[in-house]
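Novice: Submitted below is the structure of interest, expressed as structure tokens.
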Amino acid sequence: MCPVKNIQQFKNTEKSIMIIGGGVAGLSAAGILGRYNLAVHLVEKTDQLGGNAASWACMATQACQNCGACLVPEMVQQAKNQDNLTTHLNRTVTNIMAEDGKYRVSLDPGMDSPLFVDKIIMATGFSPISPDGLMGEKYHAFDRVITTVDLNKILAGQGLGPYLGETAVPRIGFIQCVGSRNRLKGRDYCSQVCCKVSLRHINKLLSVYPKADISMFYMDLQIMGKETRSAFETLGKNIRLVQGVPLDIMNTKKEGMLTIIREDYASGSRIAEHFDLIVLSVGIAPGSALVRTAPGLHLNADPWGFLLNPTDSGIHIAGCAAGPRDILTSKADGESAARSILKECGFMPSPQQRTVAVFGDGKEALKIAEALRDNGHNALILGKGESDSFPDPKSGLGILWKPFDTLLSVKGTVNRFELVVRPDRGPLETHEVCAVIVAEPVKKQTAFTVENPAWDCLFSIARFEQILDHTPDKIPDRVLFHLGTYPSPPKQEARMALDFALRLVKAGKKADIIIRHMAVHGKTGQKTYDEARKLGVKFFRVTDKEDVTIGRSAQGLTVSIKDAFLFDISLRFNAGWIVVPENATPSPGYKKTMDLLKLESDCEGFFQSPNIRHRLTGSPRKGIFFAGACHDDTDAEDLSREIQTILSSIETLEQRDPGLLTDDTVVIDEYRCVRCLTCYRICPHCAIVIVNGIKPYVVPEACVSCGLCVSSCPALAITQTDFHDPSISNETLGGRDIIFACERSAAIAAKSTTLPENTSLITVPCVCRVDTGTLLKTWLNGASSITLAGCHPGNCRSSHGSRTAVSRTQKTNRLLEKTGAKVEFKPFAANEPVRFQDALFPGK
Amino acid sequence: MTTIDIKDDSTLLKQLNLYESDDNVSECLTCGACNSRCSWFDGEGGPVPRQMVRMAVMGLDEELIKSGMLWDCLLCNRCTQECPMGITMADVVRKGRSLPDAEYLISEDIRRGVASRLQSGDVNGLTREDFVDTMEWLAGEFAEEVDDPSAVIPYDLSDTEYLYLPNPRELRTNVLHLTAMAKLFYASGVSWTMSGSHTDVTNWGYFISDDEVARKMALMVIEPAEAMGIRTLVLSECGHGYYALKMMTEKLIGRKPGFEIISMPEFILQQVNKGTIKLDPLIHPFDIAYHDPCNLGRKSGMYDTPREVLRLSCKNVVELLPNRENAICCGGGGGMLQDSTSKAKRMITGKAKAEQIIASGVRHVAAPCLSCHRQLGEISKQFNLGVTVDTIASLASKALIL
Ligand code: SF4
Ligand code: SF4
Ligand code: SF4
Ligand code: SF4
Ligand code: SF4
């Protein structure tokens, strides 16, 4: 068993930490640091915490869309409950100086004396780009030209009614890349998130206006992340996708409508189109405060103003301060920074050697194992022989390799997993590990096939890389990379193709790339793409499979392409080789891993937690992590980030979940327990283990206190000290409306609502905590209505809460059928106060 | 569907990508922004700017030439005003027009005008005798007009402060405009002259995109003016003439001219600021809209000076929407107005302008360019706008308080 010591003994009252910026990254860092005996200062320049994302709308339709925005109110509330956190609102940092091994920080408006802190997290965030130049004029001139930031606020508030009036078939145009990818404006980077944001917005709008006629004008859609990919494949069929971002909007033509001109491929000319509403998808620019706060820290910024990794070890950068990223990545960044600080401040049992199991021995897994070893841990690889270098006896130091096939079972839970292995019919071995990292390779499938598979001039990108590295002389003068395949290639493949094309042209060869959407991911993706065009890599854009024809000729390949921009012309050229990407599909072996780990696959068959709270790398089970392509569309940069996040999580694995609002306090009364093991079976987090052969025991650091076991135990043997059997069951509730609200979602959304007099809101840790018996009793005690207000499906913290609540309401309604009672389940996110109000108290 | 072999080294491509920006077509992001801003709007036919760039990038010179887009383009640069890669469509199209294989596209009128200019110094073939005759005849008219028997329109003087370079039409069909200009010089009391070697502000070398021709034409203005020892060359209101002489000369002749170049509105504003002349805006008590000529606005960055002069000369100046960087071309740019067979096209390209004028509700429009002036007049007739069109300087001239 891993040596887990009591955190308390490492506590250090001397240290203080400053977090600059109260947005997602800052708050998530504060959330981690908040559980330690540290003085944490959070400086925020506005009058409230939450940053930009605080005003964003929930994008859930039938289910959660994983945007992460609802985490913000939750984090804000958590920050408010944190004793060791001092929040400085309406303050900016004016000066920071290194002094006696500490930082002396002055705030404006001034404080009596400056603050002295040991560590600083720069989480200064971003500013949404305000439309400027020509588009800026249009934005300011027309009320019905709005930005995605405005749309977020509108959707979070009263909706689009005032903009669209009564029309059921609104014509809405989304214009992508407003303010981004623009060298003229000094922002030649892709903002990374706005394509995803617009797709979610469109999905949401279609749920409100199912008949809406929506057009998306894009430059290149950044279809990154497998969920975006599948969302795009579905959504793409219900909207009109138009390549080309208009830079002009007029209202000269059709009364009351906004007009844009676009290229019409059918006529090869230009046509006018009219819209009720135009949404400008604005990007991400560095937070404006950076310049003011940075000087004393000797920080360097990239040409756009995003902060680069500091040389000073006392400073950490987190979130969009370092570059455009989404909410979940910012959150992971913040947590990572906080955990590094915990480590630096001696809050982890150090020196501490832990053993961590890594599932998989492909490239990604090896990188992880090496990182573990380099950080003083032991890695136990359960491998399937994907890499040539394993099993390699010499690599031994700190890395142990076992064939995956020999793994028989995984018992226990976080900090005390037991891997039972039977090597080659030998005796059983039990390996104790504190965590498991799943990094199994994906199954790769070539995205493009040719008539004759015997062609010797068709290569996968991976194969081409080997040739380029080892026998570049073999490469012909002209190489075609085909990224216009279906579905959009994984981003890593796209990046590699772009890099290789660049290398080829730099070596004096010719390279062409076929695209549907050029992926320009990462902060420098756009620059690389720009450089490639400048150096003469030709990019052909296709919109259909039929647009590319490839035949064999004496010179190699004859390529014919119908370029989307060239009306009625098909382009022809010869190329020596064609290099194609491979699509990532779930490997058949995942099933066994999931069974062993008692995890479910996501809807695409990969490893991924359905719940945003666990992402990016966490799983529904504490101590089990996912990394690399087996859980999402990741590139090398992402993988490094994931490794950092996982390492810092492992090194600070504690006995409590730092993210919890309530303390764990779920206890099984061993005298009442009838050993039916219902709890053991149903705990969605496998937090219950069997001790002494028969007794179920709740492992505190693995339990998320959802209460499912409490409400499901037939012997009523489990208690939750922070939330007793809903006391409501003993009250007389004559005529009262009762709302059981999940503390993570509905209860937070309800905060700004004044409840009508005859309404009682009871905060529960999760709606699954409310059992059928309680519902019945509540009804019998005279409640006039009962609502279970939980999370949107897919975003329930305890995974099964919403589902369980739905089935319990159905059951209760069946039982009470005769009485006309109606128990309802309604899903909310924490950032939906207006919807909460409207749904529960319409007209009030 | 035609199948074409792409070329990596077409004649046009060799001419392009020579600079960091403007002609850097290979860097085109294919963002499509330009397509949404072409001055042809949703008119039939006409250029599709990104297609032109794409054809250039793919080495499809022949297709580009055949498409007709090179000469349908108004060189107005509305499309690439904010091209994220800094590409300038007019530069790209001009390089296309300059292809030897594209020579046949040049209209008869422009061909003739260029030849005549190169031969006689004037696009209409005005001779020195014609010039002197016109000046003599104008002298009497002018003295009457300003009510000063001693007033003259000086010509061929040397060492004056200013030399006025007229539009050829001012010496033929629109001499009234010339007297109006003379009145402004006269009233300001500066030393100025006209010149028998300076009868033509235009430079059609610009339209045909033959830099050698454009250079010759520029030198035909610059060298004799330098010989005359003038300090400042004042250009008649002509968009492309200003752009060619003011913005392109250095590139064309490889040096700065030995004098300053300003436009007539700039001259007027300088004089007003010096207090040498006074204008009475109440003379023009009506609503009047300002039209931004593409060559002056987007291409030369002059937006405010002519507006200021217009405000000094007219009581109520209104803006057409959109305007300035977003302004809509009159529809006659790029050499189209100079081609007498282009009327049908110009009434397509002029439609957006007409709609803009209708929307503004004005009956008067002012433009500091005699080409725009003519096209706007034709639009007004075609679309029954009932609009009177004036140049800025002529309005200022009428508003002079003598
Ligand atoms: S429930 Fe939360 S994560 Fe899901 S769509 Fe709503 S705001 Fe986003
Ligand atoms: S391509 Fe990049 S900058 Fe443009 S909208 Fe998509 S994510 Fe934003
Ligand atoms: S409260 Fe929830 S997480 Fe904790 S043991 Fe029970 S079912 Fe598992
Ligand atoms: S605006 Fe510029 S970059 Fe965009 S398509 Fe047109 S020429 Fe290319
Ligand atoms: S320069 Fe003017 S006419 Fe030519 S393509 Fe651009 S907008 Fe159209």
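To be explicit about the labels: the chains of the structure tokens are called A, B, and onward in the order shown, and within each one the residues are counted from 1, while ligands get numbers from 1 in the order they are shown.
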How would you report the residues lying within 9 Å of ligand 2, as a ChimeraX atom specification, if you count only C-alpha atoms and all ligand atoms?
Specialist: /A:175-182,189-198,218-223,281-284,517-521,526
Novice: Using only C-alpha atoms and all ligand atoms, tabulate the residues of chain A lying at most 8 Å from any atom of ligand 3, each with its closest atom pair and that distance in Å to one decimal, by chain and increasing residue number, as JSON lines.
Specialist:
```
{"residue": "A:Asp664", "atom": "CA", "partner": "ligand 3", "partner_atom_place_in_ligand_line": "4 (Fe)", "distance": 7.7}
{"residue": "A:Val666", "atom": "CA", "partner": "ligand 3", "partner_atom_place_in_ligand_line": "1 (S)", "distance": 5.9}
{"residue": "A:Cys679", "atom": "CA", "partner": "ligand 3", "partner_atom_place_in_ligand_line": "7 (S)", "distance": 6.5}
{"residue": "A:Tyr680", "atom": "CA", "partner": "ligand 3", "partner_atom_place_in_ligand_line": "5 (S)", "distance": 7.9}
{"residue": "A:Ile682", "atom": "CA", "partner": "ligand 3", "partner_atom_place_in_ligand_line": "7 (S)", "distance": 6.6}
{"residue": "A:Cys683", "atom": "CA", "partner": "ligand 3", "partner_atom_place_in_ligand_line": "7 (S)", "distance": 3.8}
{"residue": "A:Pro684", "atom": "CA", "partner": "ligand 3", "partner_atom_place_in_ligand_line": "8 (Fe)", "distance": 6.0}
{"residue": "A:His685", "atom": "CA", "partner": "ligand 3", "partner_atom_place_in_ligand_line": "3 (S)", "distance": 5.4}
{"residue": "A:Cys686", "atom": "CA", "partner": "ligand 3", "partner_atom_place_in_ligand_line": "8 (Fe)", "distance": 6.3}
{"residue": "A:Ala687", "atom": "CA", "partner": "ligand 3", "partner_atom_place_in_ligand_line": "5 (S)", "distance": 5.0}
{"residue": "A:Ile688", "atom": "CA", "partner": "ligand 3", "partner_atom_place_in_ligand_line": "5 (S)", "distance": 5.5}
{"residue": "A:Val698", "atom": "CA", "partner": "ligand 3", "partner_atom_place_in_ligand_line": "5 (S)", "distance": 5.3}
{"residue": "A:Val699", "atom": "CA", "partner": "ligand 3", "partner_atom_place_in_ligand_line": "5 (S)", "distance": 7.4}
{"residue": "A:Pro700", "atom": "CA", "partner": "ligand 3", "partner_atom_place_in_ligand_line": "4 (Fe)", "distance": 7.7}
{"residue": "A:Ala702", "atom": "CA", "partner": "ligand 3", "partner_atom_place_in_ligand_line": "3 (S)", "distance": 7.0}
{"residue": "A:Cys703", "atom": "CA", "partner": "ligand 3", "partner_atom_place_in_ligand_line": "4 (Fe)", "distance": 3.8}
{"residue": "A:Val704", "atom": "CA", "partner": "ligand 3", "partner_atom_place_in_ligand_line": "3 (S)", "distance": 4.4}
{"residue": "A:Ser705", "atom": "CA", "partner": "ligand 3", "partner_atom_place_in_ligand_line": "1 (S)", "distance": 3.8}
{"residue": "A:Cys706", "atom": "CA", "partner": "ligand 3", "partner_atom_place_in_ligand_line": "2 (Fe)", "distance": 4.0}
{"residue": "A:Gly707", "atom": "CA", "partner": "ligand 3", "partner_atom_place_in_ligand_line": "1 (S)", "distance": 3.9}
{"residue": "A:Leu708", "atom": "CA", "partner": "ligand 3", "partner_atom_place_in_ligand_line": "7 (S)", "distance": 4.3}
{"residue": "A:Cys709", "atom": "CA", "partner": "ligand 3", "partner_atom_place_in_ligand_line": "6 (Fe)", "distance": 4.1}
{"residue": "A:Val710", "atom": "CA", "partner": "ligand 3", "partner_atom_place_in_ligand_line": "6 (Fe)", "distance": 6.2}
{"residue": "A:Gln720", "atom": "CA", "partner": "ligand 3", "partner_atom_place_in_ligand_line": "1 (S)", "distance": 7.7}
{"residue": "A:Ser798", "atom": "CA", "partner": "ligand 3", "partner_atom_place_in_ligand_line": "2 (Fe)", "distance": 6.8}
```
Novice: Generate the output file for the selected residues, N, CA, C and O atoms, as an mmCIF file, in the first residue's frame.
Specialist:
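File written: selection_24.cif
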```cif
data_model
loop_
_atom_site.group_PDB
_atom_site.id
_atom_site.type_symbol
_atom_site.label_atom_id
_atom_site.label_comp_id
_atom_site.auth_asym_id
_atom_site.auth_seq_id
_atom_site.Cartn_x
_atom_site.Cartn_y
_atom_site.Cartn_z
ATOM 1 N N ASP A 664 -16.567 14.679 3.419
ATOM 2 C CA ASP A 664 -17.029 13.304 3.360
ATOM 3 C C ASP A 664 -17.481 12.915 4.741
ATOM 4 O O ASP A 664 -16.884 13.277 5.733
ATOM 5 N N VAL A 666 -19.655 9.900 4.994
ATOM 6 C CA VAL A 666 -20.558 8.784 4.757
ATOM 7 C C VAL A 666 -20.007 7.569 5.504
ATOM 8 O O VAL A 666 -18.876 7.149 5.287
ATOM 9 N N CYS A 679 -24.637 -1.238 -1.634
ATOM 10 C CA CYS A 679 -23.811 -0.030 -1.726
ATOM 11 C C CYS A 679 -22.565 -0.284 -2.541
ATOM 12 O O CYS A 679 -22.180 0.484 -3.415
ATOM 13 N N TYR A 680 -21.958 -1.409 -2.303
ATOM 14 C CA TYR A 680 -20.717 -1.766 -3.000
ATOM 15 C C TYR A 680 -20.978 -1.850 -4.496
ATOM 16 O O TYR A 680 -20.172 -1.418 -5.318
ATOM 17 N N ILE A 682 -23.512 -0.384 -6.236
ATOM 18 C CA ILE A 682 -24.029 0.796 -6.936
ATOM 19 C C ILE A 682 -23.145 2.030 -6.854
ATOM 20 O O ILE A 682 -23.338 2.962 -7.618
ATOM 21 N N CYS A 683 -22.220 2.077 -5.937
ATOM 22 C CA CYS A 683 -21.449 3.321 -5.832
ATOM 23 C C CYS A 683 -20.834 3.652 -7.187
ATOM 24 O O CYS A 683 -20.041 2.888 -7.720
ATOM 25 N N PRO A 684 -21.214 4.793 -7.768
ATOM 26 C CA PRO A 684 -20.720 5.120 -9.111
ATOM 27 C C PRO A 684 -19.228 5.403 -9.111
ATOM 28 O O PRO A 684 -18.632 5.517 -10.167
ATOM 29 N N HIS A 685 -18.657 5.559 -7.945
ATOM 30 C CA HIS A 685 -17.253 5.952 -7.887
ATOM 31 C C HIS A 685 -16.374 4.851 -7.309
ATOM 32 O O HIS A 685 -15.212 5.081 -7.012
ATOM 33 N N CYS A 686 -16.956 3.670 -7.122
ATOM 34 C CA CYS A 686 -16.240 2.533 -6.548
ATOM 35 C C CYS A 686 -15.513 2.954 -5.272
ATOM 36 O O CYS A 686 -14.349 2.610 -5.061
ATOM 37 N N ALA A 687 -16.210 3.729 -4.467
ATOM 38 C CA ALA A 687 -15.581 4.236 -3.254
ATOM 39 C C ALA A 687 -15.761 3.279 -2.086
ATOM 40 O O ALA A 687 -15.266 3.514 -1.000
ATOM 41 N N ILE A 688 -16.481 2.211 -2.321
ATOM 42 C CA ILE A 688 -16.719 1.270 -1.237
ATOM 43 C C ILE A 688 -15.901 0.007 -1.487
ATOM 44 O O ILE A 688 -15.927 -0.546 -2.595
ATOM 45 N N VAL A 698 -16.539 2.564 3.406
ATOM 46 C CA VAL A 698 -16.454 3.713 2.504
ATOM 47 C C VAL A 698 -15.065 4.341 2.630
ATOM 48 O O VAL A 698 -14.680 4.780 3.712
ATOM 49 N N VAL A 699 -14.336 4.338 1.558
ATOM 50 C CA VAL A 699 -12.995 4.945 1.576
ATOM 51 C C VAL A 699 -13.178 6.459 1.436
ATOM 52 O O VAL A 699 -13.632 6.935 0.394
ATOM 53 N N PRO A 700 -12.872 7.199 2.488
ATOM 54 C CA PRO A 700 -13.230 8.628 2.485
ATOM 55 C C PRO A 700 -12.692 9.380 1.274
ATOM 56 O O PRO A 700 -13.416 10.151 0.652
ATOM 57 N N ALA A 702 -12.149 8.479 -1.617
ATOM 58 C CA ALA A 702 -12.695 8.089 -2.905
ATOM 59 C C ALA A 702 -14.170 8.456 -3.026
ATOM 60 O O ALA A 702 -14.734 8.471 -4.103
ATOM 61 N N CYS A 703 -14.778 8.760 -1.902
ATOM 62 C CA CYS A 703 -16.213 9.037 -1.879
ATOM 63 C C CYS A 703 -16.462 10.490 -2.253
ATOM 64 O O CYS A 703 -15.735 11.371 -1.835
ATOM 65 N N VAL A 704 -17.477 10.739 -3.055
ATOM 66 C CA VAL A 704 -17.804 12.123 -3.378
ATOM 67 C C VAL A 704 -19.048 12.581 -2.616
ATOM 68 O O VAL A 704 -19.618 13.621 -2.906
ATOM 69 N N SER A 705 -19.490 11.791 -1.666
ATOM 70 C CA SER A 705 -20.631 12.149 -0.811
ATOM 71 C C SER A 705 -21.915 12.401 -1.586
ATOM 72 O O SER A 705 -22.660 13.302 -1.270
ATOM 73 N N CYS A 706 -22.152 11.609 -2.606
ATOM 74 C CA CYS A 706 -23.371 11.848 -3.376
ATOM 75 C C CYS A 706 -24.603 11.378 -2.626
ATOM 76 O O CYS A 706 -25.696 11.897 -2.812
ATOM 77 N N GLY A 707 -24.416 10.352 -1.789
ATOM 78 C CA GLY A 707 -25.551 9.887 -1.017
ATOM 79 C C GLY A 707 -26.357 8.793 -1.681
ATOM 80 O O GLY A 707 -27.392 8.376 -1.161
ATOM 81 N N LEU A 708 -25.909 8.310 -2.817
ATOM 82 C CA LEU A 708 -26.669 7.264 -3.500
ATOM 83 C C LEU A 708 -26.746 6.006 -2.644
ATOM 84 O O LEU A 708 -27.800 5.377 -2.520
ATOM 85 N N CYS A 709 -25.618 5.684 -2.009
ATOM 86 C CA CYS A 709 -25.634 4.482 -1.174
ATOM 87 C C CYS A 709 -26.546 4.684 0.033
ATOM 88 O O CYS A 709 -27.275 3.785 0.441
ATOM 89 N N VAL A 710 -26.539 5.913 0.548
ATOM 90 C CA VAL A 710 -27.348 6.202 1.727
ATOM 91 C C VAL A 710 -28.828 5.972 1.413
ATOM 92 O O VAL A 710 -29.558 5.327 2.171
ATOM 93 N N GLN A 720 -25.093 9.922 6.535
ATOM 94 C CA GLN A 720 -24.289 10.984 5.947
ATOM 95 C C GLN A 720 -24.381 12.111 6.957
ATOM 96 O O GLN A 720 -25.442 12.699 7.138
ATOM 97 N N SER A 798 -22.362 12.783 -9.505
ATOM 98 C CA SER A 798 -22.180 11.395 -9.121
ATOM 99 C C SER A 798 -22.600 10.460 -10.241
ATOM 100 O O SER A 798 -22.933 9.326 -10.002
#
```
Novice: Which residues of chain B have any atom within 7 Å of an atom in chain A when counting only C-alpha atoms, and what is the closest pair of atoms for each, with the distance in Å to one decimal? Order the rows by chain and rising number and write it as CSV.
Specialist:
```
residue,atom,partner,partner_atom,distance
B:Met1,CA,A:Asp568,CA,4.7
B:Thr2,CA,A:Ile569,CA,5.0
B:Thr3,CA,A:Ser570,CA,4.5
B:Ile4,CA,A:Leu571,CA,5.1
B:Asp5,CA,A:Arg572,CA,4.6
B:Ile6,CA,A:Arg572,CA,6.1
B:Ser26,CA,A:Arg533,CA,5.9
B:Glu27,CA,A:Arg533,CA,5.3
B:Cys31,CA,A:Gly244,CA,5.1
B:Gly32,CA,A:Gly244,CA,4.2
B:Ala33,CA,A:Pro246,CA,4.8
B:Asn35,CA,A:Arg262,CA,5.9
B:Ser36,CA,A:Ile261,CA,4.6
B:Arg37,CA,A:Asp248,CA,6.1
B:Phe41,CA,A:Ile261,CA,6.6
B:Asp42,CA,A:Ile271,CA,4.6
B:Gly45,CA,A:Ser269,CA,6.2
B:Val48,CA,A:Ser269,CA,6.3
B:Gln51,CA,A:Phe565,CA,6.0
B:Pro84,CA,A:Asn182,CA,4.7
B:Met85,CA,A:Arg183,CA,5.8
B:Gly86,CA,A:Leu184,CA,6.1
```
Novice: Please save N, CA and C atoms of the selected residues as a PDB file, in the first residue's frame.
Specialist:
```
ATOM      1  N   MET B   1     -16.983  21.669 -66.770  1.00  0.00           N
ATOM      2  CA  MET B   1     -15.771  21.604 -65.933  1.00  0.00           C
ATOM      3  C   MET B   1     -14.534  21.473 -66.811  1.00  0.00           C
ATOM      4  N   THR B   2     -13.645  22.427 -66.705  1.00  0.00           N
ATOM      5  CA  THR B   2     -12.400  22.339 -67.467  1.00  0.00           C
ATOM      6  C   THR B   2     -11.301  21.846 -66.540  1.00  0.00           C
ATOM      7  N   THR B   3     -10.441  21.025 -67.071  1.00  0.00           N
ATOM      8  CA  THR B   3      -9.318  20.539 -66.277  1.00  0.00           C
ATOM      9  C   THR B   3      -8.063  21.286 -66.715  1.00  0.00           C
ATOM     10  N   ILE B   4      -7.379  21.790 -65.740  1.00  0.00           N
ATOM     11  CA  ILE B   4      -6.213  22.610 -66.064  1.00  0.00           C
ATOM     12  C   ILE B   4      -5.027  22.177 -65.224  1.00  0.00           C
ATOM     13  N   ASP B   5      -3.879  22.160 -65.828  1.00  0.00           N
ATOM     14  CA  ASP B   5      -2.667  21.836 -65.074  1.00  0.00           C
ATOM     15  C   ASP B   5      -2.202  23.063 -64.303  1.00  0.00           C
ATOM     16  N   ILE B   6      -1.970  22.890 -63.038  1.00  0.00           N
ATOM     17  CA  ILE B   6      -1.496  24.042 -62.273  1.00  0.00           C
ATOM     18  C   ILE B   6      -0.036  24.311 -62.616  1.00  0.00           C
ATOM     19  N   SER B  26       0.321  34.368 -52.440  1.00  0.00           N
ATOM     20  CA  SER B  26       0.496  33.010 -51.917  1.00  0.00           C
ATOM     21  C   SER B  26       0.092  32.918 -50.457  1.00  0.00           C
ATOM     22  N   GLU B  27       0.132  34.045 -49.787  1.00  0.00           N
ATOM     23  CA  GLU B  27      -0.236  34.030 -48.374  1.00  0.00           C
ATOM     24  C   GLU B  27      -1.737  34.131 -48.147  1.00  0.00           C
ATOM     25  N   CYS B  31      -9.780  33.520 -46.682  1.00  0.00           N
ATOM     26  CA  CYS B  31     -10.799  33.841 -45.685  1.00  0.00           C
ATOM     27  C   CYS B  31     -12.092  34.271 -46.356  1.00  0.00           C
ATOM     28  N   GLY B  32     -11.983  34.765 -47.565  1.00  0.00           N
ATOM     29  CA  GLY B  32     -13.199  35.139 -48.281  1.00  0.00           C
ATOM     30  C   GLY B  32     -13.749  36.500 -47.926  1.00  0.00           C
ATOM     31  N   ALA B  33     -13.058  37.214 -47.038  1.00  0.00           N
ATOM     32  CA  ALA B  33     -13.547  38.535 -46.635  1.00  0.00           C
ATOM     33  C   ALA B  33     -13.732  39.430 -47.861  1.00  0.00           C
ATOM     34  N   ASN B  35     -14.542  38.749 -50.853  1.00  0.00           N
ATOM     35  CA  ASN B  35     -15.733  38.475 -51.658  1.00  0.00           C
ATOM     36  C   ASN B  35     -16.953  39.227 -51.150  1.00  0.00           C
ATOM     37  N   SER B  36     -16.976  39.494 -49.851  1.00  0.00           N
ATOM     38  CA  SER B  36     -18.161  40.138 -49.288  1.00  0.00           C
ATOM     39  C   SER B  36     -18.135  41.638 -49.510  1.00  0.00           C
ATOM     40  N   ARG B  37     -17.039  42.141 -50.053  1.00  0.00           N
ATOM     41  CA  ARG B  37     -16.915  43.590 -50.120  1.00  0.00           C
ATOM     42  C   ARG B  37     -16.711  44.127 -51.532  1.00  0.00           C
ATOM     43  N   PHE B  41     -21.009  44.222 -55.623  1.00  0.00           N
ATOM     44  CA  PHE B  41     -22.037  43.693 -54.721  1.00  0.00           C
ATOM     45  C   PHE B  41     -22.724  42.481 -55.342  1.00  0.00           C
ATOM     46  N   ASP B  42     -24.054  42.470 -55.294  1.00  0.00           N
ATOM     47  CA  ASP B  42     -24.708  41.290 -55.859  1.00  0.00           C
ATOM     48  C   ASP B  42     -25.107  41.526 -57.313  1.00  0.00           C
ATOM     49  N   GLY B  45     -22.347  39.203 -62.998  1.00  0.00           N
ATOM     50  CA  GLY B  45     -20.998  39.203 -63.553  1.00  0.00           C
ATOM     51  C   GLY B  45     -20.028  39.873 -62.606  1.00  0.00           C
ATOM     52  N   VAL B  48     -14.795  38.158 -58.877  1.00  0.00           N
ATOM     53  CA  VAL B  48     -14.897  37.552 -57.550  1.00  0.00           C
ATOM     54  C   VAL B  48     -13.465  37.609 -57.027  1.00  0.00           C
ATOM     55  N   GLN B  51     -11.389  34.595 -56.154  1.00  0.00           N
ATOM     56  CA  GLN B  51     -11.126  33.728 -57.305  1.00  0.00           C
ATOM     57  C   GLN B  51      -9.934  34.234 -58.104  1.00  0.00           C
ATOM     58  N   PRO B  84      -6.762  40.354 -44.131  1.00  0.00           N
ATOM     59  CA  PRO B  84      -5.936  40.016 -42.969  1.00  0.00           C
ATOM     60  C   PRO B  84      -4.474  39.773 -43.323  1.00  0.00           C
ATOM     61  N   MET B  85      -4.201  39.469 -44.576  1.00  0.00           N
ATOM     62  CA  MET B  85      -2.819  39.229 -44.962  1.00  0.00           C
ATOM     63  C   MET B  85      -2.217  40.439 -45.669  1.00  0.00           C
ATOM     64  N   GLY B  86      -2.955  41.525 -45.723  1.00  0.00           N
ATOM     65  CA  GLY B  86      -2.409  42.741 -46.307  1.00  0.00           C
ATOM     66  C   GLY B  86      -2.268  42.697 -47.823  1.00  0.00           C
TER      67      GLY B  86
END
```
Novice: Name the closest residue to ligand 4 among the candidates B:Pro281, B:Gly43, B:Gly335, B:Pro49; distances are taken between atoms, counting only C-alpha atoms and all ligand atoms.
Specialist: B:Pro49
Novice: Out of range 68-289 of chain B, which residues get strand (DSSP E) from DSSP, as a list in words?
Specialist: Tyr162, Leu163, Tyr164, Leu165, Trp192, Thr193, Thr232, Leu233, Val234, Leu235, Glu260, Ile261, Ile262, Ser263, Asp287, Ile288 and Ala289 of chain B
Novice: May I ask you to write as a list in words all residues lying at most 7 Å from ligand 5, with only C-alpha atoms and all ligand atoms counted?
Specialist: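 So the residues close to ligand 5 are Cys34, Arg37, Cys38, Ser39, Trp40, Pro47, Val48, Pro49, Asp72, Cys73, Leu74, Leu75, Cys76, Asn77, Arg78, Cys79, Thr80, Met89 and Ala90 of chain B.
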Novice: Residues within 9 Å of ligand 1, counting only C-alpha atoms and all ligand atoms: report them as number ranges by chain.
Specialist: A: 56-61, 63-72, 200, 611-613, 745, 791-796, 827-832
Novice: Run DSSP on the backbone and grab whatever in range 352-536 of chain A lands in alpha helix (DSSP H); send it over as an NGL selection string.
Specialist: :A and (363-374 or 461-470 or 491-506 or 525-534)
Novice: List the neighbours of Ile253 in chain B out to 9 Å using only C-alpha atoms; skip same-chain residues closer than 2 positions along the sequence, and give me the result as a ChimeraX atom specification.
Specialist: /B:215-216,218-219,248-251,255-257
Novice: CA of Trp304 in chain A and CA of His316 in chain A are how many Å apart?
Specialist: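 For CA of Trp304 in chain A relative to CA of His316 in chain A, the distance reads 19.0 Å.
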Novice: B:Lys343, B:Thr179, B:Met220, B:Leu395: which is nearest Pro285 in chain B, counting only C-alpha atoms?
Specialist: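 Among B:Lys343, B:Thr179, B:Met220, B:Leu395, it is B:Leu395 that comes nearest to Pro285 in chain B.
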Novice: I'd like the neighbourhood of Cys329 in chain B as a PyMOL selection string, where a residue qualifies if any of its atoms comes within 12 Å (using only C-alpha atoms), though same-chain residues fewer than 6 positions away should be ignored.
Specialist: chain B and resi 37-41+73-79+239+291-299+320+322-323+336+346+348-354+356+367+369+371-373+375-376
